[in-house]
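Asks: Have a look at this one.
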Amino acid sequence: MAISRGLARRTVPEAADIISTVEFNHTGELLATGDKGGRVVIFQREPESKNAPHSQGEYDVYSTFQSHEPEFDYLKSLEIEEKINKIKWLPQQNAAHSLLSTNDKTIKLWKITERDKRPEGYNLKDEEGKLKDLSTVTSLQVPVLKPMDLMVEVSPRRVFANGHTYHINSISVNSDCETYMSADDLRINLWHLAITDRSFNIVDIKPANMEDLTEVITASEFHPHHCNLFVYSSSKGSLRLCDMRAAALCDKHSKLFEEPEDPSNRSFFSEIISSVSDVKFSHSGRYMLTRDYLTVKVWDLNMEARPIETYQVHDYLRSKLCSLYENDCIFDKFECAWNGSDSVIMTGAYNNFFRMFDRNTKRDVTLEASRESSKPRAVLKPRRVCVGGKRRRDDISVDSLDFTKKILHTAWHPAENIIAIAATNNLYIFQDKVNSEMH
């Protein structure tokens with residue numbers, strides 16, 4: 001699996017610059033990132049060049065805007081940080097693009113438009129846009145559109161506020177293109193994209209007594225084709241598939257996907273490492289991909305008893321769980337992604353490593369997103385973590401892994417083998433080589 005370097009962005013290591021979400025749009029021509037400073041940066045893929053007609057250009061900054069500002073909840077004396085938790089693109093309906101961005105409490109709908117012409121020759125306005133004295137207007141002229149430098153305008157269209165008591169962890173746009181859902185620790189709400197002042201609560205797992213709380217919602221997503229189906233994952237490692245046709249409140253799930261725990265592996269950390277940090281439907285809608293602390297699993301919607309595939313992401317950390325608990329790394333929430341054909345899955349790890357698993361050949365690879373190996377067009381070399389015994393020349397010892405360098409956020413182009421990797425405050429974009437072995 002050979003993947004070549006594409007590009008790296010953001011090099012100033014400030015806390016506000018740490019990337020917190022990455023998302024391709026439905027065509028893959030645009031890529032949006034959100035950061036801890038509440039900013040959204042949109043990258044656009046350059047068109048094919050005349051010199052190399054079969055190779056598409058790289059991604060360059062298209063637009064940057066401040067999506068969220070820090071706020072303060074005076075009733076609860078809580079600071080609401082501006083960090084962007086999730087970005088979701090809406091299917092394109094016209095020349096404009098639209099996306100949803102959310103922090104812990106407020107979801108916003110943004111419209112991105114282009115302008116490369118400006119009207120000139122107004123009858124009632126001068127060049128500066130001020131109204132003329134009507135007594136000076138002696139003749140009428142037809143205004144004309146003159147070319148101008150391309151301007152990308154980003155405007156807020158809707159603000160969906162006051163829908164969540166707890167922190168929003170995920171948003172998902174429905175396939176009906178009219179509604180979307182947002183999930184926090186205990187509730188999931190259904191919104192209409194045109195209505196901001198009310199939402200419908202479709203899942204509520206809050207117990208009457210908070211002391212009876214045993215699990216929280218960690219992620220949720222709509223089915224890609226059936227607008228009535230959605231899934232949400234829990235901190236206990238279970239997935240619940242719900243059907244909105246069954247009832248208005250989907251507290252009773254249609255299917256429960258849960259793997260029975262192996263008693264021989266039971267430990268103090270079992271429940272923490274089994275918590276699902278991300279769930280993604282496959283493009284076909286037949287499978288679900290989940291990530292917990294040590295593994296990624298593929299579930300078939302028709303089989304609830306156990307996953308059909310389990311891949312070890314970094315099993316060598318099983319003996320390090322005690323120190324990972326002490327430095328809070330055990331609570332890191334890694335995301336996962338499918339490729340366009342659902343044949344390869346990707347997820348992040350520590351030391352700026354990310355993992356890929358080919359479902360057909362059962363081969364896997366560990367690659368590194370680092371500035372040391374970020375020369376344009378350089379081929380990434382597979383990396384290997386050594387637990388003990390003999391070490392090869394390029395192997396890295398498990399004891400020398402850097403746990404501050406972690407790849408939590410990844411995205412895969414919907415149609416091509418192009419991936420976006422957020423490594424702290426750097427965005428890496430890698431493109432599959434033409435003669436690559438990965439399909």
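Ordered as shown in the structure tokens, chains take letters A, B, and onward, while each chain numbers its residues from 1 and ligands are numbered from 1 in the order shown.
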Please list as a PyMOL selection string every residue within 10 Å of region 23-34 of chain A, counting only C-alpha atoms and excluding residues in the same chain fewer than 4 positions away.
Replies: chain A and resi 17-19+38-47+59-67+83-92+97-99+101-103+409-416+418-420+422+427
Asks: Can you check which residues of region 256-422 of chain A DSSP gives as strand (DSSP E) on the backbone and send them as number ranges by chain?
Replies: A: 256-257, 278-281, 287-291, 295-300, 309-312, 336-338, 344-348, 353-358, 364-368, 385-386, 396-397, 409-412, 418-422
Asks: List the spatial neighbours of region 354-370 of chain A as an mmCIF file with N, CA and C atoms, in the first residue's frame - criterion: any atom at most 9 Å away, only C-alpha atoms, same-chain residues fewer than 6 positions off excluded.
Replies:
```cif
data_model
loop_
_atom_site.group_PDB
_atom_site.id
_atom_site.type_symbol
_atom_site.label_atom_id
_atom_site.label_comp_id
_atom_site.auth_asym_id
_atom_site.auth_seq_id
_atom_site.Cartn_x
_atom_site.Cartn_y
_atom_site.Cartn_z
ATOM 1 N N MET A 1 0.848 -1.173 0.000
ATOM 2 C CA MET A 1 0.000 0.000 0.000
ATOM 3 C C MET A 1 0.892 1.234 0.000
ATOM 4 N N ILE A 3 1.431 5.176 -0.591
ATOM 5 C CA ILE A 3 0.688 6.427 -0.691
ATOM 6 C C ILE A 3 1.691 7.561 -0.721
ATOM 7 N N GLU A 309 -16.007 -8.505 11.339
ATOM 8 C CA GLU A 309 -14.555 -8.312 11.226
ATOM 9 C C GLU A 309 -14.079 -7.467 12.403
ATOM 10 N N TYR A 311 -10.363 -5.654 13.706
ATOM 11 C CA TYR A 311 -8.967 -5.361 13.376
ATOM 12 C C TYR A 311 -8.298 -4.696 14.574
ATOM 13 N N VAL A 313 -5.869 -2.264 16.167
ATOM 14 C CA VAL A 313 -5.217 -1.018 15.752
ATOM 15 C C VAL A 313 -3.840 -0.889 16.390
ATOM 16 N N HIS A 314 -3.784 -1.021 17.697
ATOM 17 C CA HIS A 314 -2.497 -0.977 18.401
ATOM 18 C C HIS A 314 -2.595 -1.878 19.640
ATOM 19 N N ASP A 342 -15.808 0.926 0.120
ATOM 20 C CA ASP A 342 -16.012 0.175 1.372
ATOM 21 C C ASP A 342 -15.077 -1.021 1.509
ATOM 22 N N SER A 343 -13.961 -1.024 0.767
ATOM 23 C CA SER A 343 -13.054 -2.181 0.820
ATOM 24 C C SER A 343 -11.869 -1.953 1.747
ATOM 25 N N VAL A 344 -11.575 -0.698 2.071
ATOM 26 C CA VAL A 344 -10.458 -0.374 2.969
ATOM 27 C C VAL A 344 -10.970 0.552 4.052
ATOM 28 N N ILE A 345 -10.492 0.338 5.276
ATOM 29 C CA ILE A 345 -10.870 1.213 6.385
ATOM 30 C C ILE A 345 -9.610 1.843 6.976
ATOM 31 N N MET A 346 -9.803 3.019 7.566
ATOM 32 C CA MET A 346 -8.670 3.787 8.074
ATOM 33 C C MET A 346 -9.017 4.354 9.445
ATOM 34 N N THR A 347 -8.008 4.420 10.311
ATOM 35 C CA THR A 347 -8.180 5.043 11.616
ATOM 36 C C THR A 347 -6.829 5.498 12.127
ATOM 37 N N GLY A 348 -6.836 6.376 13.106
ATOM 38 C CA GLY A 348 -5.598 6.945 13.614
ATOM 39 C C GLY A 348 -5.054 6.211 14.828
ATOM 40 N N LEU A 380 5.282 7.313 1.211
ATOM 41 C CA LEU A 380 5.303 6.976 2.629
ATOM 42 C C LEU A 380 5.773 5.545 2.825
ATOM 43 N N LYS A 381 6.672 5.359 3.757
ATOM 44 C CA LYS A 381 7.158 4.015 4.062
ATOM 45 C C LYS A 381 6.340 3.425 5.196
ATOM 46 N N PRO A 382 5.982 2.154 5.082
ATOM 47 C CA PRO A 382 5.269 1.506 6.187
ATOM 48 C C PRO A 382 6.128 1.523 7.452
ATOM 49 N N ARG A 383 5.490 1.743 8.592
ATOM 50 C CA ARG A 383 6.188 1.749 9.877
ATOM 51 C C ARG A 383 5.783 0.523 10.677
ATOM 52 N N ARG A 384 6.628 0.147 11.612
ATOM 53 C CA ARG A 384 6.355 -1.040 12.417
ATOM 54 C C ARG A 384 6.729 -0.761 13.866
ATOM 55 N N VAL A 385 5.819 -1.115 14.773
ATOM 56 C CA VAL A 385 6.085 -0.943 16.196
ATOM 57 C C VAL A 385 6.570 -2.267 16.771
ATOM 58 N N LYS A 406 -1.046 12.478 18.283
ATOM 59 C CA LYS A 406 -2.111 11.501 18.048
ATOM 60 C C LYS A 406 -2.955 11.926 16.860
ATOM 61 N N ILE A 407 -3.358 10.967 16.064
ATOM 62 C CA ILE A 407 -4.220 11.252 14.911
ATOM 63 C C ILE A 407 -5.627 10.799 15.266
ATOM 64 N N THR A 410 -9.685 11.821 10.795
ATOM 65 C CA THR A 410 -9.301 11.418 9.441
ATOM 66 C C THR A 410 -10.522 11.500 8.527
ATOM 67 N N ILE A 421 -5.555 13.789 6.842
ATOM 68 C CA ILE A 421 -5.145 13.374 8.176
ATOM 69 C C ILE A 421 -4.857 14.619 9.002
ATOM 70 N N ALA A 422 -5.535 14.757 10.132
ATOM 71 C CA ALA A 422 -5.253 15.874 11.035
ATOM 72 C C ALA A 422 -4.313 15.385 12.123
ATOM 73 N N ALA A 423 -3.097 15.914 12.115
ATOM 74 C CA ALA A 423 -2.099 15.563 13.120
ATOM 75 C C ALA A 423 -1.836 16.810 13.955
ATOM 76 N N ASN A 426 -1.469 20.244 12.163
ATOM 77 C CA ASN A 426 -1.124 20.096 10.746
ATOM 78 C C ASN A 426 -2.167 19.260 10.027
ATOM 79 N N TYR A 428 -2.528 16.951 6.766
ATOM 80 C CA TYR A 428 -1.808 16.244 5.708
ATOM 81 C C TYR A 428 -2.811 15.672 4.720
ATOM 82 N N MET A 438 -3.046 -0.615 -3.433
ATOM 83 C CA MET A 438 -4.343 -0.472 -2.745
ATOM 84 C C MET A 438 -5.442 -0.153 -3.760
ATOM 85 N N HIS A 439 -6.597 -0.751 -3.560
ATOM 86 C CA HIS A 439 -7.719 -0.537 -4.487
ATOM 87 C C HIS A 439 -8.835 0.143 -3.750
#
```
Asks: Which is closest to Asn339 (chain A) among A:Gln312, A:Ser155, A:Asn417, A:Ser238, if we use only C-alpha atoms?
Replies: A:Asn417
Asks: With a distance cut-off of 9 Å and only C-alpha atoms, select the neighbouring residues of region 274-291 of chain A, excluding the residue or stretch itself and same-chain residues fewer than 6 positions from it, and output the selection as a PyMOL selection string.
Replies: chain A and resi 218-226+231-239+297-302+332-342+345+347+414
Asks: What would the file look like if the residues just selected were written as a compact mmCIF listing (two decimals), in the first residue's frame with N, CA, C and O atoms?
Replies:
```
# COMPACT_ATOMS: atom_id res chain seq x y z
N THR A 218 -22.20 8.28 22.54
CA THR A 218 -20.87 8.75 22.11
C THR A 218 -20.84 9.23 20.66
O THR A 218 -20.02 10.07 20.31
N ALA A 219 -21.73 8.70 19.82
CA ALA A 219 -21.77 9.12 18.41
C ALA A 219 -23.08 8.67 17.80
O ALA A 219 -23.74 7.75 18.31
N SER A 220 -23.48 9.31 16.70
CA SER A 220 -24.70 8.89 16.01
C SER A 220 -24.60 9.26 14.53
O SER A 220 -23.89 10.19 14.17
N GLU A 221 -25.33 8.51 13.72
CA GLU A 221 -25.31 8.79 12.27
C GLU A 221 -26.57 8.25 11.61
O GLU A 221 -27.08 7.19 11.98
N PHE A 222 -27.06 9.01 10.61
CA PHE A 222 -28.18 8.55 9.79
C PHE A 222 -27.70 7.51 8.78
O PHE A 222 -26.56 7.56 8.32
N HIS A 223 -28.61 6.61 8.40
CA HIS A 223 -28.33 5.66 7.32
C HIS A 223 -28.18 6.44 6.02
O HIS A 223 -28.92 7.41 5.78
N PRO A 224 -27.25 6.07 5.14
CA PRO A 224 -27.03 6.86 3.92
C PRO A 224 -28.17 6.82 2.91
O PRO A 224 -28.26 7.71 2.05
N HIS A 225 -29.06 5.81 2.98
CA HIS A 225 -30.12 5.68 1.97
C HIS A 225 -31.53 5.68 2.56
O HIS A 225 -32.47 6.14 1.91
N HIS A 226 -31.71 5.15 3.77
CA HIS A 226 -33.04 5.06 4.38
C HIS A 226 -33.19 6.18 5.41
O HIS A 226 -32.57 6.13 6.48
N VAL A 231 -28.31 5.19 13.68
CA VAL A 231 -27.63 4.38 14.69
C VAL A 231 -26.97 5.31 15.70
O VAL A 231 -26.58 6.43 15.36
N TYR A 232 -26.92 4.87 16.96
CA TYR A 232 -26.09 5.60 17.92
C TYR A 232 -25.30 4.61 18.77
O TYR A 232 -25.75 3.49 19.02
N SER A 233 -24.12 5.03 19.14
CA SER A 233 -23.22 4.17 19.90
C SER A 233 -23.15 4.65 21.34
O SER A 233 -23.50 5.78 21.65
N SER A 234 -22.69 3.76 22.22
CA SER A 234 -22.66 4.10 23.64
C SER A 234 -21.29 3.84 24.24
O SER A 234 -20.44 3.16 23.65
N SER A 235 -21.11 4.37 25.45
CA SER A 235 -19.85 4.19 26.17
C SER A 235 -19.68 2.77 26.68
O SER A 235 -18.62 2.42 27.19
N LYS A 236 -20.72 1.95 26.55
CA LYS A 236 -20.61 0.54 26.95
C LYS A 236 -20.25 -0.37 25.77
O LYS A 236 -20.22 -1.59 25.91
N GLY A 237 -20.03 0.23 24.60
CA GLY A 237 -19.60 -0.56 23.45
C GLY A 237 -20.73 -1.10 22.60
O GLY A 237 -20.49 -1.90 21.69
N SER A 238 -21.96 -0.68 22.87
CA SER A 238 -23.09 -1.21 22.09
C SER A 238 -23.53 -0.21 21.03
O SER A 238 -23.26 0.99 21.12
N LEU A 239 -24.20 -0.74 20.00
CA LEU A 239 -24.79 0.07 18.93
C LEU A 239 -26.29 -0.18 18.92
O LEU A 239 -26.72 -1.34 19.01
N LYS A 297 -14.06 -2.28 14.24
CA LYS A 297 -14.91 -3.44 13.98
C LYS A 297 -15.88 -3.12 12.85
O LYS A 297 -16.37 -1.98 12.74
N VAL A 298 -16.16 -4.12 12.04
CA VAL A 298 -17.16 -4.01 10.98
C VAL A 298 -18.36 -4.86 11.36
O VAL A 298 -18.21 -6.05 11.67
N TRP A 299 -19.53 -4.24 11.36
CA TRP A 299 -20.77 -4.93 11.72
C TRP A 299 -21.67 -5.03 10.49
O TRP A 299 -21.77 -4.09 9.71
N ASP A 300 -22.33 -6.17 10.34
CA ASP A 300 -23.34 -6.36 9.31
C ASP A 300 -24.70 -6.00 9.92
O ASP A 300 -25.02 -6.47 11.01
N LEU A 301 -25.48 -5.16 9.22
CA LEU A 301 -26.78 -4.76 9.76
C LEU A 301 -27.70 -5.95 10.00
O LEU A 301 -28.66 -5.85 10.76
N ASN A 302 -27.41 -7.07 9.33
CA ASN A 302 -28.26 -8.26 9.48
C ASN A 302 -27.78 -9.21 10.58
O ASN A 302 -28.36 -10.27 10.77
N ASP A 332 -8.96 9.15 24.87
CA ASP A 332 -8.90 9.76 23.54
C ASP A 332 -9.96 9.15 22.63
O ASP A 332 -10.20 7.93 22.65
N LYS A 333 -10.57 10.01 21.79
CA LYS A 333 -11.65 9.55 20.91
C LYS A 333 -11.16 9.55 19.47
O LYS A 333 -11.11 10.58 18.80
N PHE A 334 -10.79 8.38 18.99
CA PHE A 334 -10.31 8.22 17.61
C PHE A 334 -11.49 8.03 16.67
O PHE A 334 -12.47 7.35 17.00
N GLU A 335 -11.38 8.62 15.47
CA GLU A 335 -12.40 8.43 14.44
C GLU A 335 -11.97 7.35 13.46
O GLU A 335 -10.81 6.91 13.47
N CYS A 336 -12.90 6.93 12.61
CA CYS A 336 -12.59 5.91 11.60
C CYS A 336 -13.26 6.32 10.28
O CYS A 336 -14.17 7.14 10.27
N ALA A 337 -12.79 5.75 9.17
CA ALA A 337 -13.32 6.13 7.86
C ALA A 337 -13.29 4.95 6.89
O ALA A 337 -12.40 4.09 6.96
N TRP A 338 -14.26 4.93 5.98
CA TRP A 338 -14.30 3.97 4.87
C TRP A 338 -13.71 4.62 3.62
O TRP A 338 -13.82 5.83 3.44
N ASN A 339 -13.13 3.80 2.73
CA ASN A 339 -12.81 4.35 1.41
C ASN A 339 -14.08 4.32 0.55
O ASN A 339 -15.13 3.86 0.99
N GLY A 340 -14.00 4.84 -0.67
CA GLY A 340 -15.19 5.01 -1.50
C GLY A 340 -15.90 3.71 -1.85
O GLY A 340 -17.11 3.70 -2.04
N SER A 341 -15.16 2.61 -1.91
CA SER A 341 -15.77 1.32 -2.28
C SER A 341 -16.01 0.42 -1.08
O SER A 341 -16.36 -0.76 -1.25
N ASP A 342 -15.81 0.93 0.12
CA ASP A 342 -16.01 0.18 1.37
C ASP A 342 -15.08 -1.02 1.51
O ASP A 342 -15.34 -1.92 2.31
N ILE A 345 -10.49 0.34 5.28
CA ILE A 345 -10.87 1.21 6.38
C ILE A 345 -9.61 1.84 6.98
O ILE A 345 -8.51 1.29 6.88
N THR A 347 -8.01 4.42 10.31
CA THR A 347 -8.18 5.04 11.62
C THR A 347 -6.83 5.50 12.13
O THR A 347 -5.78 5.07 11.63
N PRO A 414 -14.67 10.73 -1.14
CA PRO A 414 -15.79 9.81 -1.41
C PRO A 414 -15.60 8.92 -2.63
O PRO A 414 -16.25 7.87 -2.72
```
Asks: Using only C-alpha atoms, which of the listed residues (A:Val152, A:Ala208, A:Ile112, A:Leu229) sits closest to Ser175 (chain A)?
Replies: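 Checking each of A:Val152, A:Ala208, A:Ile112, A:Leu229 against Ser175 (chain A), counting only C-alpha atoms, the winner is A:Leu229.
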Asks: Could you work out how far CA of Met210 (chain A) lies from CA of Ser270 (chain A), giving the answer in Å with one decimal?
Replies: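 Rounded to one decimal, the two atoms are 22.6 Å apart.
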Asks: For Tyr166 (chain A), please output as a ChimeraX atom specification all residues within 12 Å (counting only C-alpha atoms; exclusion window: fewer than 3 positions along the same chain).
Replies: /A:76,78,80,103-106,162-163,169-170,182-189,204,206,216-218
Asks: Could you dump the residues just selected with N, CA, C and O atoms as an mmCIF file, in the first residue's frame?
Replies:
```cif
data_model
loop_
_atom_site.group_PDB
_atom_site.id
_atom_site.type_symbol
_atom_site.label_atom_id
_atom_site.label_comp_id
_atom_site.auth_asym_id
_atom_site.auth_seq_id
_atom_site.Cartn_x
_atom_site.Cartn_y
_atom_site.Cartn_z
ATOM 1 N N LYS A 76 -25.446 28.642 34.421
ATOM 2 C CA LYS A 76 -24.689 27.511 34.968
ATOM 3 C C LYS A 76 -23.254 27.882 35.303
ATOM 4 O O LYS A 76 -22.474 27.031 35.729
ATOM 5 N N LEU A 78 -20.818 28.473 33.328
ATOM 6 C CA LEU A 78 -19.938 27.619 32.525
ATOM 7 C C LEU A 78 -19.466 28.362 31.289
ATOM 8 O O LEU A 78 -20.240 29.067 30.642
ATOM 9 N N ILE A 80 -18.484 28.259 27.503
ATOM 10 C CA ILE A 80 -18.729 27.415 26.327
ATOM 11 C C ILE A 80 -17.618 27.715 25.318
ATOM 12 O O ILE A 80 -17.549 28.818 24.778
ATOM 13 N N ASN A 103 -20.280 23.645 17.832
ATOM 14 C CA ASN A 103 -19.418 23.529 19.001
ATOM 15 C C ASN A 103 -20.189 22.702 20.034
ATOM 16 O O ASN A 103 -21.017 21.869 19.660
ATOM 17 N N ASP A 104 -19.940 22.908 21.319
ATOM 18 C CA ASP A 104 -20.617 22.082 22.327
ATOM 19 C C ASP A 104 -22.120 22.322 22.408
ATOM 20 O O ASP A 104 -22.875 21.445 22.819
ATOM 21 N N LYS A 105 -22.571 23.514 22.019
ATOM 22 C CA LYS A 105 -23.970 23.874 22.261
ATOM 23 C C LYS A 105 -24.750 24.360 21.039
ATOM 24 O O LYS A 105 -25.959 24.177 20.975
ATOM 25 N N THR A 106 -24.078 25.016 20.105
ATOM 26 C CA THR A 106 -24.787 25.713 19.029
ATOM 27 C C THR A 106 -24.369 25.198 17.658
ATOM 28 O O THR A 106 -23.169 25.103 17.362
ATOM 29 N N ASN A 162 -29.907 26.352 21.760
ATOM 30 C CA ASN A 162 -30.762 25.970 22.904
ATOM 31 C C ASN A 162 -31.409 24.597 22.751
ATOM 32 O O ASN A 162 -32.448 24.329 23.345
ATOM 33 N N GLY A 163 -30.796 23.727 21.980
ATOM 34 C CA GLY A 163 -31.372 22.387 21.800
ATOM 35 C C GLY A 163 -30.743 21.334 22.694
ATOM 36 O O GLY A 163 -31.272 20.232 22.813
ATOM 37 N N ASN A 169 -21.841 15.889 20.563
ATOM 38 C CA ASN A 169 -20.698 15.092 20.093
ATOM 39 C C ASN A 169 -20.789 14.737 18.613
ATOM 40 O O ASN A 169 -19.789 14.355 18.012
ATOM 41 N N SER A 170 -21.984 14.840 18.023
ATOM 42 C CA SER A 170 -22.078 14.495 16.597
ATOM 43 C C SER A 170 -23.307 15.138 15.965
ATOM 44 O O SER A 170 -24.316 15.377 16.633
ATOM 45 N N SER A 182 -28.725 15.936 15.856
ATOM 46 C CA SER A 182 -27.588 16.288 16.694
ATOM 47 C C SER A 182 -27.680 15.473 17.973
ATOM 48 O O SER A 182 -28.773 15.285 18.514
ATOM 49 N N ALA A 183 -26.542 14.989 18.446
ATOM 50 C CA ALA A 183 -26.522 14.125 19.624
ATOM 51 C C ALA A 183 -25.603 14.702 20.683
ATOM 52 O O ALA A 183 -24.510 15.186 20.371
ATOM 53 N N ASP A 184 -26.074 14.648 21.950
ATOM 54 C CA ASP A 184 -25.179 14.947 23.062
ATOM 55 C C ASP A 184 -25.058 13.685 23.918
ATOM 56 O O ASP A 184 -25.403 12.592 23.468
ATOM 57 N N ASP A 185 -24.556 13.816 25.133
ATOM 58 C CA ASP A 185 -24.289 12.642 25.959
ATOM 59 C C ASP A 185 -25.542 11.818 26.266
ATOM 60 O O ASP A 185 -25.453 10.598 26.409
ATOM 61 N N LEU A 186 -26.701 12.480 26.365
ATOM 62 C CA LEU A 186 -27.905 11.759 26.812
ATOM 63 C C LEU A 186 -29.090 11.865 25.864
ATOM 64 O O LEU A 186 -30.069 11.135 26.030
ATOM 65 N N ARG A 187 -29.043 12.770 24.890
ATOM 66 C CA ARG A 187 -30.209 12.952 24.027
ATOM 67 C C ARG A 187 -29.800 13.130 22.562
ATOM 68 O O ARG A 187 -28.715 13.622 22.261
ATOM 69 N N ILE A 188 -30.739 12.761 21.682
ATOM 70 C CA ILE A 188 -30.566 13.018 20.244
ATOM 71 C C ILE A 188 -31.778 13.815 19.778
ATOM 72 O O ILE A 188 -32.929 13.450 20.059
ATOM 73 N N ASN A 189 -31.516 14.913 19.076
ATOM 74 C CA ASN A 189 -32.585 15.777 18.569
ATOM 75 C C ASN A 189 -32.636 15.740 17.050
ATOM 76 O O ASN A 189 -31.604 15.637 16.387
ATOM 77 N N ASP A 204 -33.833 9.764 24.294
ATOM 78 C CA ASP A 204 -33.544 10.348 25.602
ATOM 79 C C ASP A 204 -33.212 9.218 26.559
ATOM 80 O O ASP A 204 -34.084 8.444 26.947
ATOM 81 N N LYS A 206 -31.642 9.774 29.503
ATOM 82 C CA LYS A 206 -31.389 10.334 30.834
ATOM 83 C C LYS A 206 -32.278 9.645 31.865
ATOM 84 O O LYS A 206 -33.507 9.656 31.736
ATOM 85 N N VAL A 216 -23.448 6.628 28.322
ATOM 86 C CA VAL A 216 -23.758 7.860 27.595
ATOM 87 C C VAL A 216 -23.666 7.601 26.088
ATOM 88 O O VAL A 216 -23.041 6.627 25.649
ATOM 89 N N ILE A 217 -24.300 8.472 25.318
ATOM 90 C CA ILE A 217 -24.232 8.398 23.850
ATOM 91 C C ILE A 217 -22.893 8.987 23.414
ATOM 92 O O ILE A 217 -22.497 10.060 23.865
ATOM 93 N N THR A 218 -22.197 8.281 22.542
ATOM 94 C CA THR A 218 -20.865 8.747 22.113
ATOM 95 C C THR A 218 -20.845 9.230 20.664
ATOM 96 O O THR A 218 -20.024 10.066 20.307
#
```
Asks: Measuring between only C-alpha atoms, which one of A:Asp402, A:Glu372, A:Asp73, A:Asp292 shows the shortest distance to Asp315 (chain A)?
Replies: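 Closest to Asp315 (chain A), using only C-alpha atoms: A:Asp292.
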